[in-house]
>>> print(open('entry_2.tsv').read())   # TSV, C-alpha atoms and all ligand atoms
chain	number	residue	atom	x	y	z
W	27	MET	CA	109.46	98.08	108.99
W	28	VAL	CA	111.18	95.21	107.15
W	29	LYS	CA	113.92	96.28	104.75
W	30	ALA	CA	112.03	96.21	101.44
W	31	ASP	CA	109.07	98.12	102.90
W	32	HIS	CA	108.39	101.22	100.88
W	33	GLU	CA	106.73	103.99	102.83
W	34	PHE	CA	106.08	107.08	100.73
W	35	GLY	CA	103.58	109.76	99.80
W	36	GLY	CA	100.48	110.76	101.70
W	37	GLN	CA	96.78	110.60	101.05
W	38	HIS	CA	97.40	112.09	97.62
W	39	THR	CA	99.24	108.89	96.71
W	40	ASP	CA	95.95	106.98	96.97
W	41	ILE	CA	94.34	109.53	94.63
W	42	LYS	CA	97.25	109.40	92.19
W	43	LEU	CA	97.19	105.61	92.04
W	44	ALA	CA	93.38	105.55	91.75
W	45	ILE	CA	93.54	107.91	88.74
W	46	VAL	CA	96.24	105.85	87.05
W	47	GLU	CA	94.41	102.59	87.79
W	48	ARG	CA	91.19	103.92	86.23
W	49	TYR	CA	93.12	104.97	83.14
W	50	LEU	CA	94.88	101.61	82.87
W	51	LYS	CA	91.56	99.75	83.02
W	52	ARG	CA	90.00	101.91	80.30
W	53	TYR	CA	93.17	101.84	78.20
W	54	SER	CA	93.68	98.09	78.36
W	55	ALA	CA	90.02	97.37	77.55
W	56	ALA	CA	89.97	99.78	74.58
W	57	LEU	CA	93.35	98.90	73.11
W	58	HIS	CA	92.86	95.14	73.37
W	59	THR	CA	89.93	95.40	70.95
W	60	TRP	CA	92.41	95.86	68.07
W	61	CYS	CA	96.00	95.60	69.32
W	62	ASP	CA	97.63	92.26	70.25
W	63	SER	CA	100.48	93.76	72.16
W	64	VAL	CA	99.53	96.18	74.92
W	65	TRP	CA	102.22	96.94	77.49
W	66	TYR	CA	102.64	98.70	80.80
W	67	ILE	CA	106.01	100.27	81.64
W	68	ASP	CA	106.67	101.51	85.18
W	69	ALA	CA	109.93	103.45	85.15
W	70	PHE	CA	109.98	104.30	88.89
W	71	ALA	CA	108.19	101.17	90.02
W	72	GLY	CA	108.99	100.98	93.74
W	73	THR	CA	108.37	97.54	95.24
W	74	GLY	CA	104.81	96.72	94.18
W	75	LYS	CA	103.62	97.49	97.69
W	76	ARG	CA	103.13	100.57	99.75
W	77	THR	CA	103.46	100.73	103.51
W	78	VAL	CA	100.98	103.20	104.96
W	79	ARG	CA	100.91	104.37	108.56
W	80	VAL	CA	97.33	105.05	109.61
W	81	GLU	CA	97.26	107.48	112.54
W	82	ALA	CA	95.69	106.55	115.88
W	83	ARG	CA	92.11	107.77	116.23
W	84	ALA	CA	90.53	109.05	119.42
W	85	GLY	CA	87.16	107.51	120.19
W	86	ASP	CA	83.93	109.49	119.91
W	87	LEU	CA	80.23	108.90	120.40
W	88	PHE	CA	80.06	106.51	117.45
W	89	GLU	CA	83.47	104.92	117.12
W	90	ARG	CA	85.90	103.23	119.47
W	91	PRO	CA	89.42	104.63	119.69
W	92	ALA	CA	91.85	102.91	117.31
W	93	PRO	CA	95.62	102.65	117.81
W	94	GLU	CA	98.08	103.57	115.05
W	95	ARG	CA	98.37	100.76	112.53
W	96	VAL	CA	100.54	99.94	109.56
W	97	GLU	CA	98.82	98.79	106.39
W	98	GLN	CA	100.18	97.26	103.22
W	99	ARG	CA	98.51	98.62	100.09
W	100	ARG	CA	99.14	97.93	96.44
W	101	GLY	CA	101.77	100.01	94.66
W	102	SER	CA	101.64	100.84	90.94
W	103	ALA	CA	103.38	97.62	89.78
W	104	GLN	CA	100.88	95.38	91.60
W	105	ILE	CA	97.98	97.52	90.39
W	106	ALA	CA	99.17	97.08	86.80
W	107	ILE	CA	99.50	93.31	87.22
W	108	ASP	CA	95.89	93.18	88.46
W	109	ILE	CA	94.39	95.11	85.51
W	110	ASP	CA	91.84	93.15	83.52
W	111	PRO	CA	92.06	92.57	80.58
W	112	PRO	CA	95.69	91.92	81.45
W	113	PHE	CA	98.61	93.75	79.90
W	114	ASP	CA	100.51	91.48	77.52
W	115	ARG	CA	103.83	92.60	78.89
W	116	LEU	CA	104.89	94.55	81.97
W	117	VAL	CA	108.26	96.24	82.43
W	118	PHE	CA	109.27	97.44	85.88
W	119	MET	CA	112.36	99.57	86.50
W	120	ASP	CA	113.89	100.86	89.69
W	121	ALA	CA	117.30	102.20	90.62
W	122	LYS	CA	117.36	100.92	94.19
W	123	ARG	CA	118.64	97.38	94.79
W	124	LYS	CA	116.09	96.49	97.50
W	125	HIS	CA	113.27	97.70	95.28
W	126	PHE	CA	114.63	95.79	92.29
W	127	GLU	CA	114.75	92.61	94.42
W	128	ALA	CA	111.18	93.16	95.62
W	129	LEU	CA	110.06	93.61	92.00
W	130	CYS	CA	111.86	90.37	91.01
W	131	HIS	CA	109.99	88.63	93.83
W	132	LEU	CA	106.71	90.08	92.51
W	133	ARG	CA	107.57	88.82	89.01
W	134	ASP	CA	108.34	85.34	90.40
W	135	GLN	CA	104.93	85.24	92.06
W	136	HIS	CA	103.35	85.59	88.59
W	137	PRO	CA	105.14	82.96	86.46
W	138	ASP	CA	102.30	83.00	83.92
W	139	ARG	CA	102.86	86.70	83.13
W	140	ASP	CA	105.42	88.32	80.84
W	141	ILE	CA	107.19	90.59	83.32
W	142	THR	CA	110.64	92.12	82.87
W	143	VAL	CA	112.39	93.79	85.79
W	144	LEU	CA	115.29	96.16	85.16
W	145	ARG	CA	117.59	97.82	87.64
W	146	GLY	CA	119.09	101.22	86.93
W	147	ASP	CA	118.46	104.87	86.26
W	148	ALA	CA	115.19	105.18	84.35
W	149	ASN	CA	116.62	107.83	82.01
W	150	THR	CA	119.54	105.64	81.01
W	151	LEU	CA	117.37	102.53	80.61
W	152	ILE	CA	114.70	104.31	78.54
W	153	GLN	CA	117.07	106.33	76.39
W	154	GLY	CA	119.21	103.25	75.74
W	155	ALA	CA	116.41	100.98	74.56
W	156	ILE	CA	113.28	102.84	73.54
W	157	ARG	CA	113.98	103.24	69.82
W	158	TRP	CA	112.40	100.14	68.32
W	159	ASP	CA	110.62	99.12	65.11
W	160	GLY	CA	108.03	97.14	67.02
W	161	TRP	CA	106.19	100.25	68.24
W	162	LYS	CA	104.20	100.17	64.99
W	163	LYS	CA	102.35	97.14	66.32
W	164	THR	CA	102.64	97.70	70.06
W	165	ARG	CA	100.98	100.25	72.34
W	166	ALA	CA	101.97	101.06	75.91
W	167	VAL	CA	101.23	103.18	78.93
W	168	MET	CA	104.22	104.39	80.88
W	169	PHE	CA	104.07	105.67	84.45
W	170	LEU	CA	106.75	108.16	85.53
W	171	ASP	CA	106.41	108.49	89.28
W	172	PRO	CA	109.72	109.89	90.56
W	173	TYR	CA	110.32	111.30	94.04
W	174	GLY	CA	111.63	114.55	92.57
W	175	MET	CA	113.19	116.07	89.46
W	176	GLU	CA	114.76	112.88	88.10
W	177	VAL	CA	113.03	112.70	84.70
W	178	GLU	CA	115.18	114.24	81.94
W	179	TRP	CA	113.60	116.10	79.04
W	180	LYS	CA	115.51	113.88	76.61
W	181	THR	CA	113.72	110.86	78.09
W	182	LEU	CA	110.34	112.48	77.44
W	183	GLN	CA	111.39	113.39	73.91
W	184	MET	CA	112.38	109.82	73.13
W	185	ILE	CA	109.12	108.48	74.59
W	186	ALA	CA	107.15	110.96	72.44
W	187	GLU	CA	109.09	109.87	69.35
W	188	THR	CA	107.73	106.32	69.67
W	189	LYS	CA	104.24	107.70	68.81
W	190	ALA	CA	102.93	104.66	70.68
W	191	ILE	CA	103.17	105.41	74.40
W	192	ASP	CA	100.78	107.31	76.67
W	193	VAL	CA	102.64	108.72	79.66
W	194	TRP	CA	101.39	109.50	83.13
W	195	TYR	CA	103.94	111.84	84.66
W	196	LEU	CA	103.83	112.99	88.27
W	197	PHE	CA	105.51	116.31	87.70
W	198	PRO	CA	107.33	117.68	90.79
W	199	LEU	CA	105.92	121.21	90.71
W	200	ALA	CA	107.18	121.98	94.25
W	201	GLY	CA	110.64	120.77	93.24
W	202	LEU	CA	110.55	123.26	90.38
W	203	TYR	CA	109.19	126.26	92.27
W	204	ARG	CA	111.61	125.69	95.13
W	205	GLN	CA	114.62	125.42	92.83
W	206	ALA	CA	113.39	128.37	90.74
W	207	ALA	CA	113.78	130.80	93.66
W	208	ARG	CA	111.97	134.15	93.64
W	209	SER	CA	115.27	135.93	93.18
W	210	PHE	CA	117.11	134.69	90.12
W	211	ALA	CA	120.42	135.52	91.79
W	212	LYS	CA	119.76	132.81	94.40
W	213	ILE	CA	119.74	130.02	91.78
W	214	ASP	CA	123.16	128.38	91.72
W	215	ASN	CA	124.63	126.60	88.69
W	216	SER	CA	123.58	123.13	89.73
W	217	LYS	CA	119.95	124.18	90.32
W	218	GLU	CA	119.94	126.01	87.00
W	219	ALA	CA	121.25	122.90	85.24
W	220	SER	CA	118.72	120.58	86.88
W	221	ILE	CA	115.77	122.82	85.92
W	222	THR	CA	117.05	123.02	82.32
W	223	ARG	CA	117.59	119.25	82.21
W	224	MET	CA	114.01	118.68	83.36
W	225	LEU	CA	112.42	121.28	81.03
W	226	GLY	CA	114.68	120.76	78.02
W	227	THR	CA	115.35	124.47	77.51
W	228	ASP	CA	116.65	127.47	79.39
W	229	SER	CA	113.76	129.61	78.14
W	230	TRP	CA	112.27	129.31	81.66
W	231	LYS	CA	114.69	132.08	82.64
W	232	GLN	CA	112.82	134.51	80.38
W	233	GLU	CA	109.35	132.99	80.69
W	234	LEU	CA	109.22	132.82	84.47
W	235	TYR	CA	111.44	135.76	85.44
W	236	SER	CA	111.32	139.46	84.71
W	237	SER	CA	113.22	142.56	85.70
W	238	LEU	CA	112.00	144.65	88.61
W	239	GLY	CA	111.00	147.86	86.82
W	240	PRO	CA	113.32	150.17	84.96
W	241	PRO	CA	116.60	150.70	86.80
W	242	PRO	CA	117.96	154.23	87.27
W	243	LEU	CA	119.67	155.49	84.13
W	244	GLU	CA	123.14	155.51	85.67
W	245	ASP	CA	122.73	151.83	86.67
W	246	LEU	CA	121.23	150.72	83.39
W	247	LEU	CA	124.22	148.86	82.03
W	248	GLY	CA	125.06	147.22	85.36
W	249	ALA	CA	121.46	146.12	86.00
W	250	LEU	CA	121.08	144.57	82.59
W	251	GLU	CA	124.21	142.60	83.10
W	252	SER	CA	123.31	141.57	86.59
W	253	ASP	CA	120.81	138.92	87.66
W	254	GLU	CA	120.20	140.81	90.92
W	255	GLU	CA	117.17	142.56	89.53
W	256	ARG	CA	115.43	139.53	88.08
W	257	GLN	CA	112.53	138.12	90.04
W	258	ARG	CA	110.22	135.20	89.37
W	259	ASN	CA	106.88	136.81	88.74
W	260	ALA	CA	105.24	133.55	87.67
W	261	ASP	CA	103.04	132.03	90.37
W	262	VAL	CA	102.45	128.31	90.76
W	263	ALA	CA	99.52	128.26	88.28
W	264	THR	CA	101.64	130.06	85.68
W	265	ILE	CA	104.54	127.65	86.23
W	266	GLU	CA	102.17	124.71	85.74
W	267	LYS	CA	100.85	126.27	82.49
W	268	TYR	CA	104.42	126.73	81.32
W	269	VAL	CA	105.21	123.05	82.01
W	270	GLN	CA	102.11	121.99	80.07
W	271	LYS	CA	103.15	124.27	77.19
W	272	ARG	CA	106.60	122.67	77.18
W	273	LEU	CA	105.15	119.15	77.12
W	274	LYS	CA	102.93	120.19	74.20
W	275	THR	CA	106.03	120.99	72.17
W	276	ILE	CA	106.83	117.27	71.99
W	277	PHE	CA	103.55	115.42	72.65
W	278	PRO	CA	100.57	115.88	70.27
W	279	GLU	CA	98.21	116.04	73.26
W	280	VAL	CA	98.67	116.80	76.95
W	281	LEU	CA	95.58	116.61	79.14
W	282	ASP	CA	95.00	119.30	81.76
W	283	PRO	CA	96.94	118.20	84.84
W	284	TYR	CA	95.43	117.06	88.11
W	285	PRO	CA	96.79	118.95	91.18
W	286	LEU	CA	98.12	116.83	94.03
W	287	PRO	CA	97.40	116.97	96.88
W	288	PRO	CA	94.12	118.39	95.55
W	289	ALA	CA	93.23	120.45	98.62
W	290	GLU	CA	96.72	121.81	99.35
W	291	LYS	CA	97.68	125.34	98.24
W	292	PRO	CA	100.07	125.49	96.58
W	293	GLN	CA	99.91	121.98	95.18
W	294	ARG	CA	103.10	119.93	95.31
W	295	PHE	CA	102.65	117.89	92.15
W	296	SER	CA	100.83	118.05	88.83
W	297	LEU	CA	99.74	114.72	87.42
W	298	PHE	CA	100.03	115.01	83.64
W	299	CYS	CA	98.86	112.61	80.96
W	300	ALA	CA	100.68	113.05	77.63
W	301	ILE	CA	99.76	111.20	74.45
W	302	SER	CA	102.44	110.40	71.91
W	303	ASN	CA	100.27	108.93	69.15
W	304	PRO	CA	99.31	111.83	66.84
W	305	SER	CA	96.32	110.05	65.26
W	306	PRO	CA	93.07	111.97	65.89
W	307	LYS	CA	91.45	108.69	67.01
W	308	ALA	CA	94.08	108.03	69.67
W	309	ILE	CA	93.87	111.63	70.90
W	310	ALA	CA	90.07	111.60	71.05
W	311	LEU	CA	90.17	108.34	73.02
W	312	ALA	CA	92.69	109.69	75.53
W	313	GLN	CA	90.69	112.92	75.92
W	314	GLN	CA	87.56	110.88	76.58
W	315	PHE	CA	89.37	108.78	79.22
W	316	GLY	CA	90.79	111.95	80.72
W	317	ARG	CA	87.39	113.63	80.98
W	318	ASP	CA	85.90	110.55	82.62
W	319	ILE	CA	88.79	109.91	84.97
W	320	LEU	CA	90.20	113.27	86.01
W	321	LYS	CA	86.77	114.76	86.59
W	322	GLY	CA	85.82	111.91	88.91
W	401	LIG	C1	107.55	107.46	94.43
W	401	LIG	S1	108.43	105.97	94.31
W	401	LIG	C2	107.47	105.06	93.14
W	401	LIG	C3	106.27	104.43	93.73
W	401	LIG	C4	105.54	103.48	92.83
W	401	LIG	N1	105.06	104.14	91.62
W	401	LIG	C5	104.37	102.84	93.56
W	401	LIG	O1	103.22	103.24	93.38
W	401	LIG	O2	104.63	101.91	94.34
W	401	LIG	C6	109.86	106.37	93.36
W	401	LIG	C7	110.74	105.18	93.04
W	401	LIG	O3	111.71	105.61	92.09
W	401	LIG	C8	112.94	104.99	92.39
W	401	LIG	N2	113.97	105.83	91.76
W	401	LIG	C9	114.51	106.98	92.22
W	401	LIG	N3	115.35	107.50	91.30
W	401	LIG	C10	115.31	106.67	90.24
W	401	LIG	C11	115.92	106.69	88.96
W	401	LIG	N4	116.74	107.68	88.59
W	401	LIG	N5	115.63	105.70	88.09
W	401	LIG	C12	114.79	104.69	88.45
W	401	LIG	N6	114.19	104.62	89.65
W	401	LIG	C13	114.43	105.60	90.52
W	401	LIG	C14	112.98	104.90	93.89
W	401	LIG	O4	113.85	103.86	94.31
W	401	LIG	C15	111.51	104.63	94.22
W	401	LIG	O5	111.28	103.25	94.30
>>> encode(input="entry_2.tsv", output="structure tokens", more="lines below")
Ligand SMILES: C[S@@+](CC[C@H](N)C(=O)[O-])C[C@H]1O[C@@H](n2cnc3c(N)ncnc32)[C@H](O)[C@@H]1O
Amino acid sequence: MVKADHEFGGQHTDIKLAIVERYLKRYSAALHTWCDSVWYIDAFAGTGKRTVRVEARAGDLFERPAPERVEQRRGSAQIAIDIDPPFDRLVFMDAKRKHFEALCHLRDQHPDRDITVLRGDANTLIQGAIRWDGWKKTRAVMFLDPYGMEVEWKTLQMIAETKAIDVWYLFPLAGLYRQAARSFAKIDNSKEASITRMLGTDSWKQELYSSLGPPPLEDLLGALESDEERQRNADVATIEKYVQKRLKTIFPEVLDPYPLPPAEKPQRFSLFCAISNPSPKAIALAQQFGRDILKG
């Protein structure tokens, strides 16, 4: 692998990118009918490419054996550049220097396009610049595709406040259910803080956890004061519902998430689409796209 190669995800990554690509095509076509300034913002943009290792295949009656091979596929930034009608502006962010350099190279290969590449933590970059008067006349789709629990609730809140940005968010459900251990007592302070930072509240402690039956009378006071007895009774589906409910507190519409990988139980990610524009027209449009795209 050369240094800027970016090998990540599995087969579900193809599905994730196919869903987002379908949305971007529909979105760009619909929005360009009335809006002159339609943007794409990729806050965890990677390099524009994806290195995929395709396993060796044994031969059978119909096919010859094939050795392992390495393929280069398009990453989200390249997919967004290729959308037709084209986005009027593209903003790519990444924290990693090699990825930033690869994105600059991608930008330089498209001198006719308005592409901005930013290096840094997506939360800091978004929170520092997203408040802007121009959102009244500009619409955007933002893709939040972190490896793990990097997206802060405050970032989502500020995106929602623009009332102009649709967000595709690959929510790290496995990250959450692993950090939110079955036994509340096993969650240390740093895990507790990272869950709260991602969900924007500590109400998850009540919503996802409950006490294990009534304690004996003589232990009542001790048990109430202790976390020993609290267990997460919420399963993965309930946790996902809770996340959707949280997102709905700040976004006027959140489409039902798509589980990724789709055939894996429990799923590792939930791909959410949240709409920040409260107008019934914008919501109806996003719901229509969602129905068409998420249901195949
Ligand atoms: C899953 S990859 C994104 C893949 C990309 N969407 C694609 O399809 O090619 C996550 C990216 O986020 C970057 N990253 C990790 N933490 C970040 C942060 N706090 N802010 C911005 N970028 C970050 C990583 O360097 C990596 O390139």
>>> residues_near_point(input="entry_2.tsv", point="(109.7, 133.5, 82.8)", cutoff="9 Å", atoms="all atoms listed in the file", output="list in words")
Ser229, Trp230, Lys231, Gln232, Glu233, Leu234, Tyr235, Ser236, Arg258, Asn259, Ala260, Ile265 and Tyr268 of chain W
>>> closest_residue(input="entry_2.tsv", among="W:Ser220, W:Arg294, W:Val193, W:Gly160", to="Gln205 of chain W", atoms="all atoms listed in the file")
W:Ser220
>>> residues_near_ligand(input="entry_2.tsv", ligand="ligand LIG 401 (chain W)", cutoff="7 Å", atoms="all atoms listed in the file", output="MDAnalysis selection string")
chainID W and resid 34 43 69:76 101:103 119:122 125 146:149 171:173 176
>>> closest_residue(input="entry_2.tsv", among="W:Lys212, W:Lys291, W:Arg90, W:Lys180", to="Ala263 of chain W", atoms="all atoms listed in the file")
W:Lys291
>>> atom_distance(input="entry_2.tsv", atom1="atom CA of Lys274 of chain W", atom2="atom CA of Val117 of chain W")
25.9 Å
>>> closest_residue(input="entry_2.tsv", among="W:Leu202, W:Val80, W:Ile221, W:Ile105", to="Val46 of chain W", atoms="only C-alpha atoms")
W:Ile105
>>> atom_distance(input="entry_2.tsv", atom1="atom CA of Val262 of chain W", atom2="atom CA of Pro288 of chain W")
13.8 Å
>>> atom_distance(input="entry_2.tsv", atom1="atom CA of Phe197 of chain W", atom2="atom CA of Leu297 of chain W")
6.0 Å
>>> residues_around(input="entry_2.tsv", residues="Asp282 of chain W", least_positions_apart="4", cutoff="9 Å", atoms="only C-alpha atoms", output="PyMOL selection string")
chain W and resi 270+297-299+316+320
>>> closest_residue(input="entry_2.tsv", among="W:Arg208, W:Arg317, W:Lys124, W:Arg115", to="His136 of chain W", atoms="all atoms listed in the file")
W:Arg115
>>> residues_around(input="entry_2.tsv", residues="Met224 of chain W", least_positions_apart="5", cutoff="9 Å", atoms="only C-alpha atoms", output="JSON, numbers by chain")
{"W": [175, 176, 177, 178, 179, 180, 219]}
>>> axis_aligned_box(input="entry_2.tsv", around="segment 260-279 of chain W", padding_each_side="4 Å", output="JSON")
{"center_x": 102.5, "center_y": 124.5, "center_z": 80.5, "size_x": 16.6, "size_y": 26.1, "size_z": 28.5}
>>> closest_residue(input="entry_2.tsv", among="W:Lys217, W:Arg52, W:Lys307, W:Arg223", to="Pro111 of chain W", atoms="all atoms listed in the file")
W:Arg52
>>> closest_residue(input="entry_2.tsv", among="W:Lys271, W:Phe315, W:His38, W:Ile309", to="Glu290 of chain W", atoms="all atoms listed in the file")
W:His38
>>> residues_around(input="entry_2.tsv", residues="Arg95 of chain W", least_positions_apart="5", cutoff="8 Å", atoms="only C-alpha atoms", output="list in words")
Arg79, Val80, Glu81 and Ala82 of chain W
>>> residues_around(input="entry_2.tsv", residues="Ala310 of chain W", least_positions_apart="4", cutoff="12 Å", atoms="only C-alpha atoms", output="number ranges by chain")
W: 278-281, 301, 303-306, 314-317
>>> residues_around(input="entry_2.tsv", residues="Cys61 of chain W", least_positions_apart="6", cutoff="9 Å", atoms="all atoms listed in the file", output="ChimeraX atom specification")
/W:163-165
>>> write_last_selection(input="entry_2.tsv", atoms="C-alpha atoms", output="PDB file, in the coordinates of the input")
ATOM      1  CA  LYS W 163     102.350  97.140  66.320  1.00  0.00           C
ATOM      2  CA  THR W 164     102.640  97.700  70.060  1.00  0.00           C
ATOM      3  CA  ARG W 165     100.980 100.250  72.340  1.00  0.00           C
TER       4      ARG W 165
END
>>> build_atoms(input="entry_2.tsv", residues="segment 164-189 of chain W", atoms="N, CA and C atoms", output="compact mmCIF listing (two decimals), in the coordinates of the input")
# COMPACT_ATOMS: atom_id res chain seq x y z
N THR W 164 102.75 97.82 68.60
CA THR W 164 102.64 97.70 70.06
C THR W 164 102.20 99.04 70.63
N ARG W 165 101.37 99.02 71.64
CA ARG W 165 100.98 100.25 72.34
C ARG W 165 101.31 100.06 73.81
N ALA W 166 101.59 101.17 74.49
CA ALA W 166 101.97 101.06 75.91
C ALA W 166 101.54 102.29 76.70
N VAL W 167 101.36 102.07 77.99
CA VAL W 167 101.23 103.18 78.93
C VAL W 167 102.48 103.15 79.79
N MET W 168 103.07 104.32 79.99
CA MET W 168 104.22 104.39 80.88
C MET W 168 103.88 105.30 82.06
N PHE W 169 104.30 104.86 83.24
CA PHE W 169 104.07 105.67 84.45
C PHE W 169 105.43 106.19 84.92
N LEU W 170 105.53 107.51 85.02
CA LEU W 170 106.75 108.16 85.53
C LEU W 170 106.39 108.77 86.88
N ASP W 171 106.83 108.11 87.93
CA ASP W 171 106.41 108.49 89.28
C ASP W 171 107.65 108.69 90.16
N PRO W 172 108.47 109.70 89.80
CA PRO W 172 109.72 109.89 90.56
C PRO W 172 109.44 110.56 91.91
N TYR W 173 110.44 110.54 92.79
CA TYR W 173 110.32 111.30 94.04
C TYR W 173 110.45 112.79 93.76
N GLY W 174 111.33 113.14 92.81
CA GLY W 174 111.63 114.55 92.57
C GLY W 174 111.86 114.84 91.10
N MET W 175 112.97 115.56 90.82
CA MET W 175 113.19 116.07 89.46
C MET W 175 114.06 115.13 88.62
N GLU W 176 113.86 113.83 88.76
CA GLU W 176 114.76 112.88 88.10
C GLU W 176 114.53 112.73 86.59
N VAL W 177 113.31 113.01 86.11
CA VAL W 177 113.03 112.70 84.70
C VAL W 177 113.66 113.77 83.79
N GLU W 178 114.52 113.32 82.88
CA GLU W 178 115.18 114.24 81.94
C GLU W 178 114.26 114.52 80.75
N TRP W 179 114.38 115.72 80.21
CA TRP W 179 113.60 116.10 79.04
C TRP W 179 113.87 115.15 77.87
N LYS W 180 115.13 114.76 77.72
CA LYS W 180 115.51 113.88 76.61
C LYS W 180 114.73 112.56 76.69
N THR W 181 114.49 112.10 77.91
CA THR W 181 113.72 110.86 78.09
C THR W 181 112.31 111.06 77.56
N LEU W 182 111.71 112.19 77.91
CA LEU W 182 110.34 112.48 77.44
C LEU W 182 110.32 112.59 75.92
N GLN W 183 111.33 113.24 75.37
CA GLN W 183 111.39 113.39 73.91
C GLN W 183 111.43 112.03 73.22
N MET W 184 112.24 111.13 73.77
CA MET W 184 112.38 109.82 73.13
C MET W 184 111.10 108.98 73.29
N ILE W 185 110.40 109.17 74.41
CA ILE W 185 109.12 108.48 74.59
C ILE W 185 108.12 109.01 73.56
N ALA W 186 108.09 110.35 73.40
CA ALA W 186 107.15 110.96 72.44
C ALA W 186 107.44 110.48 71.02
N GLU W 187 108.72 110.30 70.70
CA GLU W 187 109.09 109.87 69.35
C GLU W 187 108.57 108.48 68.99
N THR W 188 108.25 107.66 69.98
CA THR W 188 107.73 106.32 69.67
C THR W 188 106.35 106.41 69.01
N LYS W 189 105.62 107.49 69.28
CA LYS W 189 104.24 107.70 68.81
C LYS W 189 103.32 106.55 69.23
